[in-house]
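Here's the structure, in structure tokens; my notes come after.
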Amino acid sequence: MEWQISSGLVEYEVAVNAMVSRVEKIVQGSEREMVWLLEHPPVYTAGTSANSSDLLIDNLFPVIKTTRGGKYSYHGPGQRVVYVMLDLKRRNRCDIRAYVRDLGVWIVNTLAEFAIDSYFSSENIGVWVQNDMHSEKIAAFGIRLRRWVTYHGVAINISTDLTHYSGIVPCGILGSGVTSLRALGKEVTFEQFDSVLKKSSTKFLHKSIRTSTLPALYTLVLIRTPER
């Protein structure tokens, strides 16, 4: 397993192209699996099930159509993006829903190390924090598969400017807010977060996934490419 951390801002399309190239090599067996930690400049991305009505302001930031599952999402400075490229077939973990669930548990466990009480929702896919009488999303998910190799992943708001979400309905969920570690009173650097994320990854990366019974709405956050 290779861990890669990119400094500075990586353009979204550059990152996607790099992922596609790496995934193809993993499929062929010529490269190792990888977890890639990075940060993007401000951008709205439209997943495969995005609705045009969820784009509220079309000239605030660039809007890029993407191959990941899901609807509209935001990436930008202060957000830790975690792209996970795992060969589920080689790991005998060919259960997409369980993979997403365990990805969520990994993030929940990481946030717990910063004294943040969060939970993974299988109804509104993502990691959420209960704030007063409502829930706010702190981590968004979007997954794609290529011959059982995963790519894309999860984006966690560390010190993100939350006003940047004003141009979209995040993940197509009306009436729910977004939050960040900073908004919750936690001043955490990327270096601190990355260190805890890696330490808490052991169970996620080596777990044998059980058969899942999670609902079919996972089609909102992931898409699988056909076998060839």
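To be explicit about the labels: the chains of the structure tokens are called A, B, and onward in the order shown, and within each one the residues are counted from 1, while ligands get numbers from 1 in the order they are shown.
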Practice problem: Skip range 147-159 of chain A itself and residues of its chain fewer than 2 positions away, then list as a PyMOL selection string all residues within 6 Å of it, counting only C-alpha atoms. | Solution: chain A and resi 78-89+138-145+180-182+227
Practice problem: Using backbone DSSP assignments, extract all strand (DSSP E or B) residues from chain A; output them as a VMD selection string. | Solution: chain A and resid 2 to 5 34 to 38 43 to 46 55 63 to 65 72 to 75 79 to 85 87 118 to 121 126 to 131 134 to 146 149 to 157 168 177 to 178 222 to 224
Practice problem: Once DSSP has gone over the backbone, tell me which residues of range 4-63 of chain A are in helix (DSSP H, G or I), as a list in words. | Solution: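 So, restricting range 4-63 of chain A to helix (DSSP H, G or I), we get Tyr12, Glu13, Val14, Ala15, Val16, Asn17, Ala18, Met19, Val20, Ser21, Arg22, Val23, Glu24, Lys25, Ile26, Val27, Gln28, Ser52, Ser53 and Asp54 of chain A.
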Quiz item: Quick one, how far is CA of Asp194 in chain A from CA of Ile125 in chain A?
Solution: 22.4 Å
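Closest approach to Ser49 in chain A from the set A:Tyr72, A:Tyr12, A:Phe61, A:Tyr165 is made by A:Tyr72, with distances taken over only C-alpha atoms.
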Quiz item: Using only C-alpha atoms, which residue out of A:Val188, A:Ala15, A:Tyr74, A:Arg90 lies closest to Arg32 in chain A?
Solution: A:Arg90
Quiz item: Near Glu13 in chain A, within 12 Å and counting only C-alpha atoms, which residues show up once chain neighbours fewer than 6 positions away are dropped, as an MDAnalysis selection string?
Solution: chainID A and resid 19:20 40:41 43:45 62:67 152
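Nearest-residue note for Gly104 in chain A: choosing from A:Ser201, A:Ser176, A:Gln192, A:Asn51, the minimum distance belongs to A:Ser201, counting only C-alpha atoms.
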Quiz item: Contacts of Ile5 in chain A at 12 Å or less, counting only C-alpha atoms, minus same-chain residues fewer than 3 places along, as a list in words?
Solution: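 Selected residues are Glu2, Gly8, Leu9, Val10, Met34, Val35, Trp36, Leu37, Leu38, Glu39, Arg80, Val81, Val82, Tyr83, Phe190, Glu191, Asp194, Ser195 and Lys198 of chain A.
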Keeping only N, CA and C atoms, write the selected residues as a PDB file, in the first residue's frame.
```pdb
ATOM      1  N   GLU A   2       0.648   2.121  -0.945  1.00  0.00           N
ATOM      2  CA  GLU A   2       1.392   3.375  -1.009  1.00  0.00           C
ATOM      3  C   GLU A   2       0.518   4.520  -0.507  1.00  0.00           C
ATOM      4  N   GLY A   8       0.245  21.769  -1.676  1.00  0.00           N
ATOM      5  CA  GLY A   8      -0.342  22.739  -2.591  1.00  0.00           C
ATOM      6  C   GLY A   8      -1.677  22.255  -3.118  1.00  0.00           C
ATOM      7  N   LEU A   9      -2.230  23.033  -4.046  1.00  0.00           N
ATOM      8  CA  LEU A   9      -3.539  22.719  -4.613  1.00  0.00           C
ATOM      9  C   LEU A   9      -3.376  21.938  -5.910  1.00  0.00           C
ATOM     10  N   VAL A  10      -4.073  20.830  -6.021  1.00  0.00           N
ATOM     11  CA  VAL A  10      -4.025  19.986  -7.215  1.00  0.00           C
ATOM     12  C   VAL A  10      -5.322  20.179  -7.990  1.00  0.00           C
ATOM     13  N   MET A  34      -3.178   2.452  -3.542  1.00  0.00           N
ATOM     14  CA  MET A  34      -2.718   3.744  -3.045  1.00  0.00           C
ATOM     15  C   MET A  34      -3.821   4.494  -2.320  1.00  0.00           C
ATOM     16  N   VAL A  35      -3.427   5.209  -1.275  1.00  0.00           N
ATOM     17  CA  VAL A  35      -4.263   6.228  -0.645  1.00  0.00           C
ATOM     18  C   VAL A  35      -3.587   7.561  -0.931  1.00  0.00           C
ATOM     19  N   TRP A  36      -4.332   8.466  -1.552  1.00  0.00           N
ATOM     20  CA  TRP A  36      -3.773   9.752  -1.992  1.00  0.00           C
ATOM     21  C   TRP A  36      -4.481  10.873  -1.244  1.00  0.00           C
ATOM     22  N   LEU A  37      -3.701  11.671  -0.513  1.00  0.00           N
ATOM     23  CA  LEU A  37      -4.232  12.790   0.253  1.00  0.00           C
ATOM     24  C   LEU A  37      -3.865  14.088  -0.450  1.00  0.00           C
ATOM     25  N   LEU A  38      -4.859  14.932  -0.695  1.00  0.00           N
ATOM     26  CA  LEU A  38      -4.606  16.156  -1.447  1.00  0.00           C
ATOM     27  C   LEU A  38      -5.659  17.206  -1.149  1.00  0.00           C
ATOM     28  N   GLU A  39      -5.522  18.338  -1.823  1.00  0.00           N
ATOM     29  CA  GLU A  39      -6.404  19.488  -1.643  1.00  0.00           C
ATOM     30  C   GLU A  39      -6.620  20.115  -3.016  1.00  0.00           C
ATOM     31  N   ARG A  80      -9.635  18.201   3.257  1.00  0.00           N
ATOM     32  CA  ARG A  80      -8.743  17.077   2.976  1.00  0.00           C
ATOM     33  C   ARG A  80      -9.485  16.058   2.125  1.00  0.00           C
ATOM     34  N   VAL A  81      -8.985  15.875   0.914  1.00  0.00           N
ATOM     35  CA  VAL A  81      -9.554  14.897  -0.007  1.00  0.00           C
ATOM     36  C   VAL A  81      -8.745  13.609   0.112  1.00  0.00           C
ATOM     37  N   VAL A  82      -9.446  12.508   0.261  1.00  0.00           N
ATOM     38  CA  VAL A  82      -8.809  11.199   0.431  1.00  0.00           C
ATOM     39  C   VAL A  82      -9.268  10.301  -0.710  1.00  0.00           C
ATOM     40  N   TYR A  83      -8.391  10.099  -1.682  1.00  0.00           N
ATOM     41  CA  TYR A  83      -8.698   9.211  -2.797  1.00  0.00           C
ATOM     42  C   TYR A  83      -8.127   7.824  -2.487  1.00  0.00           C
ATOM     43  N   PHE A 190      -3.482  19.923   8.480  1.00  0.00           N
ATOM     44  CA  PHE A 190      -3.513  18.740   7.625  1.00  0.00           C
ATOM     45  C   PHE A 190      -2.550  17.673   8.150  1.00  0.00           C
ATOM     46  N   GLU A 191      -1.382  18.119   8.610  1.00  0.00           N
ATOM     47  CA  GLU A 191      -0.388  17.166   9.099  1.00  0.00           C
ATOM     48  C   GLU A 191      -0.934  16.367  10.281  1.00  0.00           C
ATOM     49  N   ASP A 194      -3.785  14.036   8.916  1.00  0.00           N
ATOM     50  CA  ASP A 194      -3.250  12.932   8.112  1.00  0.00           C
ATOM     51  C   ASP A 194      -2.620  11.855   8.988  1.00  0.00           C
ATOM     52  N   SER A 195      -1.922  12.285  10.032  1.00  0.00           N
ATOM     53  CA  SER A 195      -1.269  11.335  10.925  1.00  0.00           C
ATOM     54  C   SER A 195      -2.293  10.438  11.616  1.00  0.00           C
ATOM     55  N   LYS A 198      -4.034   8.024   9.074  1.00  0.00           N
ATOM     56  CA  LYS A 198      -3.215   6.869   8.715  1.00  0.00           C
ATOM     57  C   LYS A 198      -3.180   5.849   9.851  1.00  0.00           C
TER      58      LYS A 198
END
```
